[in-house]
Amino acid sequence: MRRMLPFDPMLAIDARDVAKTFRAGWIRRRDTIALRGVSLAVPRGAIVGVLGPNGAGKTTLLSIFATLLTPDRGTVTILGHDLVRDAAALRRRLNMASGRPSFLWSLRVAEIIAFYGRLYGLSGATLQHRVDELIETFELTAYRRAQYNELSTGLKQRLALAKALVNEPELLFLDEPTLGLDPDVSVRVRAHIVALRRERGMTIVLTTHYMREAEELCDQIAFIKGGLILAQGTADDLKRQIGLGDVIALRVEPPPAWLRTAPGVVRCVENDGWVECTVDDAEKRLPELLRQLYAEGRTVRNVQVKTPALEEVFVELAR
Amino acid sequence: MNWRAELVAIWAFAIRNLVMASRNVFFFFELLFWPIVGVVSIGLMSRFLALGREATAFVLLGTIALSVVQVCQLEVAYAVMFDVWSKSIKHQFLAPIGVRHLTLGSWIVGMMRGVTIFAILSVLGWWAFGVSVLAPGLVALLGFLAGCFLTAWIIGVGVCALITIFGNRAEAFAWASANMVLLLAGIYYPISVLPAPVAAVAAWIPLTHFLDAYRAHYGFTSEFAHPLAIGFALAAAYAVLAHAALVAAVRHARGSGLLLKMSE
């Protein structure tokens, strides 16, 4: 008998110990372990980013959540539905868009959205209204009658997003939504994503290779590598968890020797007239250091505080 | 079950296949060129061999039936093949649909194309070779066409299942499967000319029985006691098996990751 786990109604996704192995070859079997026991909780209405190097298991995890893949092990409850048993009911409430979109080559923009709309039971005036609305929202009006194979990458991406909203999902999965887009188009796509959460209260789980995008969009970030989630939290949480520390750069001549041994200072490096001290928490340590420097009568000509970028966290975790 | 949503989802695939067909240059070849070439060449061969009216009707009926089955089954196979070719198969299985929607929607278009071909080839057979395909009457004709379309649906769904299990490698089955029927189902000859073990296999093909029943109206001795009843019984059993095979294939593809692989 299946053991029922308590489900927190505030969670859109409650995944526990999810594992997946891909098997290939009939005679010489090759196993590729994609997920080794992933647990992830996604609050309702949040934007959660799943980051990690290539082959880490990001797309596999999203595909399992989107019911395109069945897990080998573990339990996943999405919007109160058991992922495996209630997959059909769940599919009505979620959707997915990929950064590498592909649709039928000779269907027109409006026909593609209408086709998928019908698969969700929409018809007649309701379908027409939804198609018109999505075409307008994603600025596709001029391309309404263009065939899919005539669209640029950016337009294909916008069409993929429009298609993913055709059933007004409560939960949206975006697999690298701005992959290969020009910066101006990426900005517009990100604005759409933010608007979806703000205006519709949609829960969004996305994967991306762009750290700035993750920092800008995501309330929470889960870092996955080798099929395991190594760290999870806000961008600031992750930076703290990794312990990269903040850097306080001071222009003070000559730098006092005690700087290296001051409380909270991990190391100091002199560089082009600056002394760069890595500290555990710049907000706490900077006033302490400045107070002592002024007390000694030293002149501090310039001060800069650098917090580590998410990219550095990524590099550290991916190492 | 919401019947309206069921019908809308089936209709979605019918519209999609119709639109795709209308923008596909091969549609012309599939719908007109090859079937007409088949009937004309077989008709001329029967004239060269100085076949009588009955024998000519025998082979032309087989040729027309094969064309109808081929075109209809190909359309059903397109239910999955279009998405495999365009690498968009994951999108349709992300939606709350079952395989019945895609196979039935495509089948509707397949039957429309099948009826069109049947009408064109019937006129051609009558005009060029004096064979009246409609002679057995409306009821017999409807039974015959229903048998052809059921056979086409079974083959088409079988091809969909194979593609869903083996991926693009199985595409060749879409075109090869109808030719297996050509060999076994007595398209150009009665199955009594086949070696006994092969004839036994032919007896398990529904189209063999539908052809046998229809040809009986032209005076050919029936090789089976109740060909229509047996044909429909076999077709019903195979339809259930083919549907179950496709459902299992999709489930397997969700487990193996092939559904995603075919979308990359």
# chains A, B, ... in the order shown; residues from 1 in each chain; ligands from 1
call {"tool": "residues_around", "arguments": {"residues": "A:Val48", "least_positions_apart": "2", "cutoff": "6 Å", "atoms": "only C-alpha atoms", "output": "list in words"}}
result
Val205, Cys218, Asp219, Gln220 and Ile221 of chain A
call {"tool": "residues_around", "arguments": {"residues": "B:Ala202", "least_positions_apart": "3", "cutoff": "6 Å", "atoms": "only C-alpha atoms", "output": "PyMOL selection string"}}
result
chain B and resi 184-185+199+205
call {"tool": "closest_atom_pairs", "arguments": {"of": "stretch 5-111 of chain A", "to": "stretch 186-196 of chain A", "cutoff": "12 Å", "atoms": "only C-alpha atoms", "output": "Markdown table"}}
result
| residue | atom | partner | partner_atom | distance |
| --- | --- | --- | --- | --- |
| A:Gly45 | CA | A:Leu196 | CA | 9.8 |
| A:Ala46 | CA | A:Val194 | CA | 10.4 |
| A:Ile47 | CA | A:Val194 | CA | 8.6 |
| A:Val48 | CA | A:Ile193 | CA | 11.7 |
| A:Ala97 | CA | A:Ile193 | CA | 11.6 |
| A:Gly99 | CA | A:Val189 | CA | 11.1 |
call {"tool": "write_last_selection", "arguments": {"atoms": "N, CA and C atoms", "output": "mmCIF file, in the first residue's frame"}}
result
data_model
loop_
_atom_site.group_PDB
_atom_site.id
_atom_site.type_symbol
_atom_site.label_atom_id
_atom_site.label_comp_id
_atom_site.auth_asym_id
_atom_site.auth_seq_id
_atom_site.Cartn_x
_atom_site.Cartn_y
_atom_site.Cartn_z
ATOM 1 N N GLY A 45 3.199 30.359 -5.735
ATOM 2 C CA GLY A 45 3.391 31.757 -6.119
ATOM 3 C C GLY A 45 4.849 32.188 -6.187
ATOM 4 N N ALA A 46 5.772 31.247 -6.000
ATOM 5 C CA ALA A 46 7.192 31.609 -6.021
ATOM 6 C C ALA A 46 7.783 31.374 -7.410
ATOM 7 N N ILE A 47 8.887 32.056 -7.664
ATOM 8 C CA ILE A 47 9.688 31.736 -8.850
ATOM 9 C C ILE A 47 10.948 31.057 -8.330
ATOM 10 N N VAL A 48 11.107 29.810 -8.716
ATOM 11 C CA VAL A 48 12.247 29.029 -8.231
ATOM 12 C C VAL A 48 13.134 28.653 -9.414
ATOM 13 N N ALA A 97 7.384 25.464 -21.179
ATOM 14 C CA ALA A 97 7.961 26.040 -22.401
ATOM 15 C C ALA A 97 9.461 25.813 -22.355
ATOM 16 N N GLY A 99 13.389 26.572 -24.014
ATOM 17 C CA GLY A 99 14.217 27.536 -24.725
ATOM 18 C C GLY A 99 14.611 27.054 -26.098
#
call {"tool": "residues_around", "arguments": {"residues": "B:Gly43", "least_positions_apart": "6", "cutoff": "12 Å", "atoms": "only C-alpha atoms", "output": "NGL selection string"}}
result
:B and (36-37 or 49-53 or 55-64 or 121 or 124-131 or 188)
call {"tool": "write_last_selection", "arguments": {"atoms": "C-alpha atoms", "output": "PDB file, in the first residue's frame"}}
result
ATOM      1  CA  ILE B  36      -4.120   6.602 -60.115  1.00  0.00           C
ATOM      2  CA  VAL B  37      -0.839   5.171 -61.383  1.00  0.00           C
ATOM      3  CA  LEU B  49      -3.374 -10.302 -70.329  1.00  0.00           C
ATOM      4  CA  ALA B  50      -6.866 -10.300 -71.856  1.00  0.00           C
ATOM      5  CA  LEU B  51      -8.522 -10.881 -68.489  1.00  0.00           C
ATOM      6  CA  GLY B  52     -12.285 -11.204 -68.452  1.00  0.00           C
ATOM      7  CA  ARG B  53     -14.548  -8.585 -66.838  1.00  0.00           C
ATOM      8  CA  ALA B  55     -11.019 -11.102 -63.236  1.00  0.00           C
ATOM      9  CA  THR B  56     -10.366  -7.429 -64.015  1.00  0.00           C
ATOM     10  CA  ALA B  57     -12.884  -6.442 -61.340  1.00  0.00           C
ATOM     11  CA  PHE B  58     -11.098  -8.819 -58.935  1.00  0.00           C
ATOM     12  CA  VAL B  59      -7.672  -7.190 -59.279  1.00  0.00           C
ATOM     13  CA  LEU B  60      -8.956  -3.624 -59.585  1.00  0.00           C
ATOM     14  CA  LEU B  61     -11.015  -4.005 -56.415  1.00  0.00           C
ATOM     15  CA  GLY B  62      -7.869  -5.191 -54.641  1.00  0.00           C
ATOM     16  CA  THR B  63      -5.868  -2.263 -56.007  1.00  0.00           C
ATOM     17  CA  ILE B  64      -8.475   0.276 -54.936  1.00  0.00           C
ATOM     18  CA  LEU B 121     -10.540   5.457 -58.482  1.00  0.00           C
ATOM     19  CA  LEU B 124     -11.509   5.839 -63.223  1.00  0.00           C
ATOM     20  CA  GLY B 125     -12.090   2.058 -63.019  1.00  0.00           C
ATOM     21  CA  TRP B 126     -15.553   2.413 -64.522  1.00  0.00           C
ATOM     22  CA  TRP B 127     -14.534   4.891 -67.238  1.00  0.00           C
ATOM     23  CA  ALA B 128     -11.257   3.274 -68.321  1.00  0.00           C
ATOM     24  CA  PHE B 129     -11.848  -0.407 -67.676  1.00  0.00           C
ATOM     25  CA  GLY B 130     -15.602  -0.833 -67.374  1.00  0.00           C
ATOM     26  CA  VAL B 131     -15.484  -2.052 -63.774  1.00  0.00           C
ATOM     27  CA  TYR B 188      -4.247  -9.342 -56.623  1.00  0.00           C
TER      28      TYR B 188
END
call {"tool": "atom_distance", "arguments": {"atom1": "atom CA of B:Ala196", "atom2": "atom CA of B:Leu241"}}
result
26.1 Å
call {"tool": "interface_residues", "arguments": {"of": "chain B", "to": "chain A", "cutoff": "8 Å", "atoms": "only C-alpha atoms", "output": "PyMOL selection string"}}
result
chain B and resi 4-6+8-9+11-13+16+19-20+23+82-83+86-88+90+92-97+254-257+259-260+263
call {"tool": "write_last_selection", "arguments": {"atoms": "N, CA and C atoms", "output": "PDB file, in the first residue's frame"}}
result
ATOM      1  N   ARG B   4     -17.648  16.958 -24.344  1.00  0.00           N
ATOM      2  CA  ARG B   4     -17.327  18.108 -25.185  1.00  0.00           C
ATOM      3  C   ARG B   4     -15.798  18.240 -25.331  1.00  0.00           C
ATOM      4  N   ALA B   5     -15.104  18.133 -24.188  1.00  0.00           N
ATOM      5  CA  ALA B   5     -13.644  18.228 -24.218  1.00  0.00           C
ATOM      6  C   ALA B   5     -13.049  17.074 -25.028  1.00  0.00           C
ATOM      7  N   GLU B   6     -13.670  15.886 -24.900  1.00  0.00           N
ATOM      8  CA  GLU B   6     -13.206  14.716 -25.673  1.00  0.00           C
ATOM      9  C   GLU B   6     -13.278  15.009 -27.171  1.00  0.00           C
ATOM     10  N   VAL B   8     -13.573  17.918 -28.672  1.00  0.00           N
ATOM     11  CA  VAL B   8     -12.723  19.048 -29.070  1.00  0.00           C
ATOM     12  C   VAL B   8     -11.281  18.573 -29.277  1.00  0.00           C
ATOM     13  N   ALA B   9     -10.806  17.699 -28.380  1.00  0.00           N
ATOM     14  CA  ALA B   9      -9.428  17.205 -28.502  1.00  0.00           C
ATOM     15  C   ALA B   9      -9.267  16.343 -29.758  1.00  0.00           C
ATOM     16  N   TRP B  11     -11.084  16.641 -32.452  1.00  0.00           N
ATOM     17  CA  TRP B  11     -11.205  17.601 -33.547  1.00  0.00           C
ATOM     18  C   TRP B  11      -9.893  18.363 -33.756  1.00  0.00           C
ATOM     19  N   ALA B  12      -9.169  18.622 -32.655  1.00  0.00           N
ATOM     20  CA  ALA B  12      -7.886  19.339 -32.741  1.00  0.00           C
ATOM     21  C   ALA B  12      -6.935  18.601 -33.678  1.00  0.00           C
ATOM     22  N   PHE B  13      -6.865  17.292 -33.523  1.00  0.00           N
ATOM     23  CA  PHE B  13      -5.949  16.511 -34.365  1.00  0.00           C
ATOM     24  C   PHE B  13      -6.454  16.431 -35.800  1.00  0.00           C
ATOM     25  N   ARG B  16      -5.606  19.742 -37.364  1.00  0.00           N
ATOM     26  CA  ARG B  16      -4.156  19.821 -37.561  1.00  0.00           C
ATOM     27  C   ARG B  16      -3.721  19.017 -38.782  1.00  0.00           C
ATOM     28  N   VAL B  19      -4.853  20.676 -42.050  1.00  0.00           N
ATOM     29  CA  VAL B  19      -4.057  21.858 -42.396  1.00  0.00           C
ATOM     30  C   VAL B  19      -2.683  21.428 -42.909  1.00  0.00           C
ATOM     31  N   MET B  20      -2.078  20.467 -42.209  1.00  0.00           N
ATOM     32  CA  MET B  20      -0.761  19.995 -42.633  1.00  0.00           C
ATOM     33  C   MET B  20      -0.830  19.396 -44.033  1.00  0.00           C
ATOM     34  N   ARG B  23      -0.960  21.863 -46.888  1.00  0.00           N
ATOM     35  CA  ARG B  23       0.265  22.627 -47.175  1.00  0.00           C
ATOM     36  C   ARG B  23       1.433  21.711 -47.528  1.00  0.00           C
ATOM     37  N   PHE B  82       4.146  13.372 -37.487  1.00  0.00           N
ATOM     38  CA  PHE B  82       4.270  14.839 -37.609  1.00  0.00           C
ATOM     39  C   PHE B  82       5.026  15.398 -36.409  1.00  0.00           C
ATOM     40  N   ASP B  83       4.690  14.918 -35.228  1.00  0.00           N
ATOM     41  CA  ASP B  83       5.315  15.448 -34.013  1.00  0.00           C
ATOM     42  C   ASP B  83       6.742  14.969 -33.846  1.00  0.00           C
ATOM     43  N   SER B  86       8.758  17.077 -36.330  1.00  0.00           N
ATOM     44  CA  SER B  86       8.908  18.475 -35.894  1.00  0.00           C
ATOM     45  C   SER B  86       9.483  18.568 -34.477  1.00  0.00           C
ATOM     46  N   LYS B  87       9.789  17.427 -33.880  1.00  0.00           N
ATOM     47  CA  LYS B  87      10.345  17.375 -32.521  1.00  0.00           C
ATOM     48  C   LYS B  87       9.460  18.099 -31.505  1.00  0.00           C
ATOM     49  N   SER B  88       8.176  17.945 -31.666  1.00  0.00           N
ATOM     50  CA  SER B  88       7.256  18.630 -30.749  1.00  0.00           C
ATOM     51  C   SER B  88       6.371  17.632 -29.997  1.00  0.00           C
ATOM     52  N   LYS B  90       6.595  16.127 -27.246  1.00  0.00           N
ATOM     53  CA  LYS B  90       6.386  16.282 -25.798  1.00  0.00           C
ATOM     54  C   LYS B  90       5.227  17.229 -25.496  1.00  0.00           C
ATOM     55  N   GLN B  92       2.344  17.563 -27.006  1.00  0.00           N
ATOM     56  CA  GLN B  92       0.997  16.968 -27.012  1.00  0.00           C
ATOM     57  C   GLN B  92       0.804  16.009 -25.842  1.00  0.00           C
ATOM     58  N   PHE B  93       1.894  15.385 -25.390  1.00  0.00           N
ATOM     59  CA  PHE B  93       1.746  14.479 -24.247  1.00  0.00           C
ATOM     60  C   PHE B  93       1.849  15.225 -22.913  1.00  0.00           C
ATOM     61  N   LEU B  94       2.134  16.509 -22.987  1.00  0.00           N
ATOM     62  CA  LEU B  94       2.089  17.369 -21.807  1.00  0.00           C
ATOM     63  C   LEU B  94       0.636  17.770 -21.539  1.00  0.00           C
ATOM     64  N   ALA B  95      -0.159  17.739 -22.587  1.00  0.00           N
ATOM     65  CA  ALA B  95      -1.573  18.134 -22.479  1.00  0.00           C
ATOM     66  C   ALA B  95      -2.406  16.961 -21.935  1.00  0.00           C
ATOM     67  N   PRO B  96      -3.579  17.276 -21.376  1.00  0.00           N
ATOM     68  CA  PRO B  96      -4.404  16.210 -20.769  1.00  0.00           C
ATOM     69  C   PRO B  96      -5.190  15.423 -21.819  1.00  0.00           C
ATOM     70  N   ILE B  97      -4.476  14.751 -22.710  1.00  0.00           N
ATOM     71  CA  ILE B  97      -5.148  13.965 -23.752  1.00  0.00           C
ATOM     72  C   ILE B  97      -4.721  12.512 -23.656  1.00  0.00           C
ATOM     73  N   ARG B 254       7.432   7.434 -21.601  1.00  0.00           N
ATOM     74  CA  ARG B 254       7.526   8.358 -20.457  1.00  0.00           C
ATOM     75  C   ARG B 254       8.550   7.838 -19.447  1.00  0.00           C
ATOM     76  N   GLY B 255       8.643   6.525 -19.333  1.00  0.00           N
ATOM     77  CA  GLY B 255       9.582   5.936 -18.377  1.00  0.00           C
ATOM     78  C   GLY B 255      11.008   5.955 -18.888  1.00  0.00           C
ATOM     79  N   SER B 256      11.174   5.659 -20.189  1.00  0.00           N
ATOM     80  CA  SER B 256      12.528   5.529 -20.740  1.00  0.00           C
ATOM     81  C   SER B 256      13.141   6.872 -21.111  1.00  0.00           C
ATOM     82  N   GLY B 257      12.305   7.888 -21.236  1.00  0.00           N
ATOM     83  CA  GLY B 257      12.828   9.202 -21.631  1.00  0.00           C
ATOM     84  C   GLY B 257      12.795   9.407 -23.134  1.00  0.00           C
ATOM     85  N   LEU B 259      10.327   9.960 -25.008  1.00  0.00           N
ATOM     86  CA  LEU B 259       9.416  11.071 -25.322  1.00  0.00           C
ATOM     87  C   LEU B 259      10.198  12.394 -25.380  1.00  0.00           C
ATOM     88  N   LEU B 260      11.135  12.534 -24.454  1.00  0.00           N
ATOM     89  CA  LEU B 260      11.958  13.747 -24.441  1.00  0.00           C
ATOM     90  C   LEU B 260      13.008  13.698 -25.543  1.00  0.00           C
ATOM     91  N   SER B 263      11.983  14.776 -28.756  1.00  0.00           N
ATOM     92  CA  SER B 263      11.667  16.207 -28.828  1.00  0.00           C
ATOM     93  C   SER B 263      12.933  17.056 -28.852  1.00  0.00           C
TER      94      SER B 263
END
call {"tool": "select_by_dssp", "arguments": {"residues": "stretch 76-117 of chain B", "states": "helix (DSSP H, G or I)", "output": "ChimeraX atom specification"}}
result
/B:76-85,89-94,99-117
call {"tool": "residues_around", "arguments": {"residues": "A:Leu134", "least_positions_apart": "5", "cutoff": "8 Å", "atoms": "only C-alpha atoms", "output": "ChimeraX atom specification"}}
result
/A:162,165-166
call {"tool": "atom_distance", "arguments": {"atom1": "atom CA of B:Ser67", "atom2": "atom CA of B:Glu30"}}
result
9.2 Å
call {"tool": "closest_residue", "arguments": {"among": "A:Arg212, A:Arg319, A:Arg30, A:His81", "to": "A:Asp8", "atoms": "only C-alpha atoms"}}
result
A:His81
call {"tool": "closest_atom_pairs", "arguments": {"of": "stretch 92-184 of chain B", "to": "stretch 215-237 of chain B", "cutoff": "7 Å", "atoms": "only C-alpha atoms", "output": "CSV"}}
result
residue,atom,partner,partner_atom,distance
B:Pro136,CA,B:His217,CA,5.6
B:Gly147,CA,B:Phe232,CA,6.9
B:Leu150,CA,B:Ala235,CA,6.5
B:Thr151,CA,B:Ala235,CA,6.6
call {"tool": "atom_distance", "arguments": {"atom1": "atom CA of A:Val265", "atom2": "atom CA of A:Asn302"}}
result
18.6 Å
call {"tool": "residues_around", "arguments": {"residues": "B:Leu183", "least_positions_apart": "2", "cutoff": "12 Å", "atoms": "only C-alpha atoms", "output": "list in words"}}
result
Gly62, Thr63, Leu66, Ala176, Ser177, Ala178, Asn179, Met180, Val181, Ala185, Gly186, Ile187, Tyr188, Tyr189, Pro190, Ile191, Val193, Leu194, Val198, Ala199, Val201, Ala202, Ile205, Leu207 and Thr208 of chain B
call {"tool": "write_last_selection", "arguments": {"atoms": "C-alpha atoms", "output": "PDB file, in the first residue's frame"}}
result
ATOM      1  CA  GLY B  62      -7.869  -5.191 -54.641  1.00  0.00           C
ATOM      2  CA  THR B  63      -5.868  -2.263 -56.007  1.00  0.00           C
ATOM      3  CA  LEU B  66      -5.007  -1.193 -51.046  1.00  0.00           C
ATOM      4  CA  ALA B 176       6.200  -0.989 -45.394  1.00  0.00           C
ATOM      5  CA  SER B 177       3.275  -2.218 -43.321  1.00  0.00           C
ATOM      6  CA  ALA B 178       0.655  -1.734 -46.039  1.00  0.00           C
ATOM      7  CA  ASN B 179       2.833  -3.703 -48.448  1.00  0.00           C
ATOM      8  CA  MET B 180       2.774  -6.666 -46.076  1.00  0.00           C
ATOM      9  CA  VAL B 181      -0.993  -6.510 -46.434  1.00  0.00           C
ATOM     10  CA  ALA B 185      -4.444 -10.205 -47.871  1.00  0.00           C
ATOM     11  CA  GLY B 186      -5.219 -11.356 -51.415  1.00  0.00           C
ATOM     12  CA  ILE B 187      -5.048  -7.978 -53.126  1.00  0.00           C
ATOM     13  CA  TYR B 188      -4.247  -9.342 -56.623  1.00  0.00           C
ATOM     14  CA  TYR B 189      -5.044 -13.034 -56.146  1.00  0.00           C
ATOM     15  CA  PRO B 190      -7.253 -15.248 -54.017  1.00  0.00           C
ATOM     16  CA  ILE B 191      -5.452 -16.460 -50.905  1.00  0.00           C
ATOM     17  CA  VAL B 193      -3.019 -19.614 -54.340  1.00  0.00           C
ATOM     18  CA  LEU B 194      -0.796 -18.993 -51.324  1.00  0.00           C
ATOM     19  CA  VAL B 198       0.887 -18.407 -45.540  1.00  0.00           C
ATOM     20  CA  ALA B 199      -2.823 -18.686 -46.389  1.00  0.00           C
ATOM     21  CA  VAL B 201      -1.702 -16.256 -41.758  1.00  0.00           C
ATOM     22  CA  ALA B 202      -3.724 -14.378 -44.404  1.00  0.00           C
ATOM     23  CA  ILE B 205      -5.962 -10.395 -41.576  1.00  0.00           C
ATOM     24  CA  LEU B 207      -8.883  -7.066 -44.988  1.00  0.00           C
ATOM     25  CA  THR B 208      -8.702 -10.591 -46.467  1.00  0.00           C
TER      26      THR B 208
END
call {"tool": "closest_residue", "arguments": {"among": "A:Phe173, A:Phe314, A:Tyr210, A:Tyr294", "to": "A:Val252", "atoms": "only C-alpha atoms"}}
result
A:Tyr294
call {"tool": "decode", "arguments": {"residues": "stretch 146-170 of chain A", "atoms": "N, CA and C atoms", "output": "compact mmCIF listing (two decimals), in the first residue's frame"}}
result
# COMPACT_ATOMS: atom_id res chain seq x y z
N ALA A 146 2.02 33.94 -39.96
CA ALA A 146 3.33 33.41 -40.40
C ALA A 146 3.46 31.95 -40.00
N GLN A 147 4.03 31.16 -40.89
CA GLN A 147 4.25 29.74 -40.56
C GLN A 147 5.43 29.62 -39.59
N TYR A 148 5.42 28.59 -38.79
CA TYR A 148 6.42 28.43 -37.74
C TYR A 148 7.84 28.47 -38.30
N ASN A 149 8.06 27.81 -39.43
CA ASN A 149 9.43 27.76 -39.97
C ASN A 149 9.90 29.10 -40.55
N GLU A 150 9.03 30.10 -40.55
CA GLU A 150 9.44 31.43 -41.02
C GLU A 150 9.82 32.35 -39.86
N LEU A 151 9.64 31.88 -38.63
CA LEU A 151 9.87 32.76 -37.47
C LEU A 151 11.34 32.77 -37.05
N SER A 152 11.76 33.89 -36.47
CA SER A 152 13.10 33.99 -35.90
C SER A 152 13.14 33.26 -34.56
N THR A 153 14.35 33.08 -34.02
CA THR A 153 14.47 32.38 -32.73
C THR A 153 13.68 33.08 -31.64
N GLY A 154 13.78 34.41 -31.61
CA GLY A 154 13.07 35.17 -30.58
C GLY A 154 11.56 35.01 -30.68
N LEU A 155 11.06 35.03 -31.91
CA LEU A 155 9.61 34.88 -32.11
C LEU A 155 9.16 33.46 -31.72
N LYS A 156 10.00 32.48 -32.05
CA LYS A 156 9.67 31.09 -31.68
C LYS A 156 9.57 30.97 -30.16
N GLN A 157 10.51 31.64 -29.48
CA GLN A 157 10.52 31.59 -28.03
C GLN A 157 9.25 32.23 -27.44
N ARG A 158 8.87 33.36 -28.03
CA ARG A 158 7.66 34.03 -27.56
C ARG A 158 6.43 33.20 -27.84
N LEU A 159 6.43 32.53 -28.98
CA LEU A 159 5.31 31.64 -29.31
C LEU A 159 5.25 30.49 -28.30
N ALA A 160 6.43 29.96 -27.93
CA ALA A 160 6.47 28.86 -26.96
C ALA A 160 5.88 29.31 -25.62
N LEU A 161 6.19 30.53 -25.23
CA LEU A 161 5.63 31.05 -23.98
C LEU A 161 4.12 31.23 -24.10
N ALA A 162 3.68 31.75 -25.25
CA ALA A 162 2.24 31.94 -25.48
C ALA A 162 1.52 30.59 -25.41
N LYS A 163 2.10 29.60 -26.06
CA LYS A 163 1.49 28.25 -26.04
C LYS A 163 1.43 27.70 -24.62
N ALA A 164 2.48 27.99 -23.84
CA ALA A 164 2.53 27.46 -22.47
C ALA A 164 1.48 28.10 -21.56
N LEU A 165 0.90 29.21 -22.00
CA LEU A 165 -0.10 29.88 -21.16
C LEU A 165 -1.52 29.63 -21.64
N VAL A 166 -1.65 28.80 -22.68
CA VAL A 166 -2.96 28.65 -23.32
C VAL A 166 -4.01 28.08 -22.36
N ASN A 167 -3.58 27.27 -21.40
CA ASN A 167 -4.53 26.69 -20.44
C ASN A 167 -4.55 27.45 -19.11
N GLU A 168 -3.95 28.64 -19.11
CA GLU A 168 -3.85 29.45 -17.89
C GLU A 168 -3.35 28.60 -16.72
N PRO A 169 -2.15 28.06 -16.84
CA PRO A 169 -1.66 27.12 -15.82
C PRO A 169 -1.41 27.79 -14.47
N GLU A 170 -1.53 27.01 -13.43
CA GLU A 170 -1.18 27.50 -12.10
C GLU A 170 0.31 27.33 -11.86
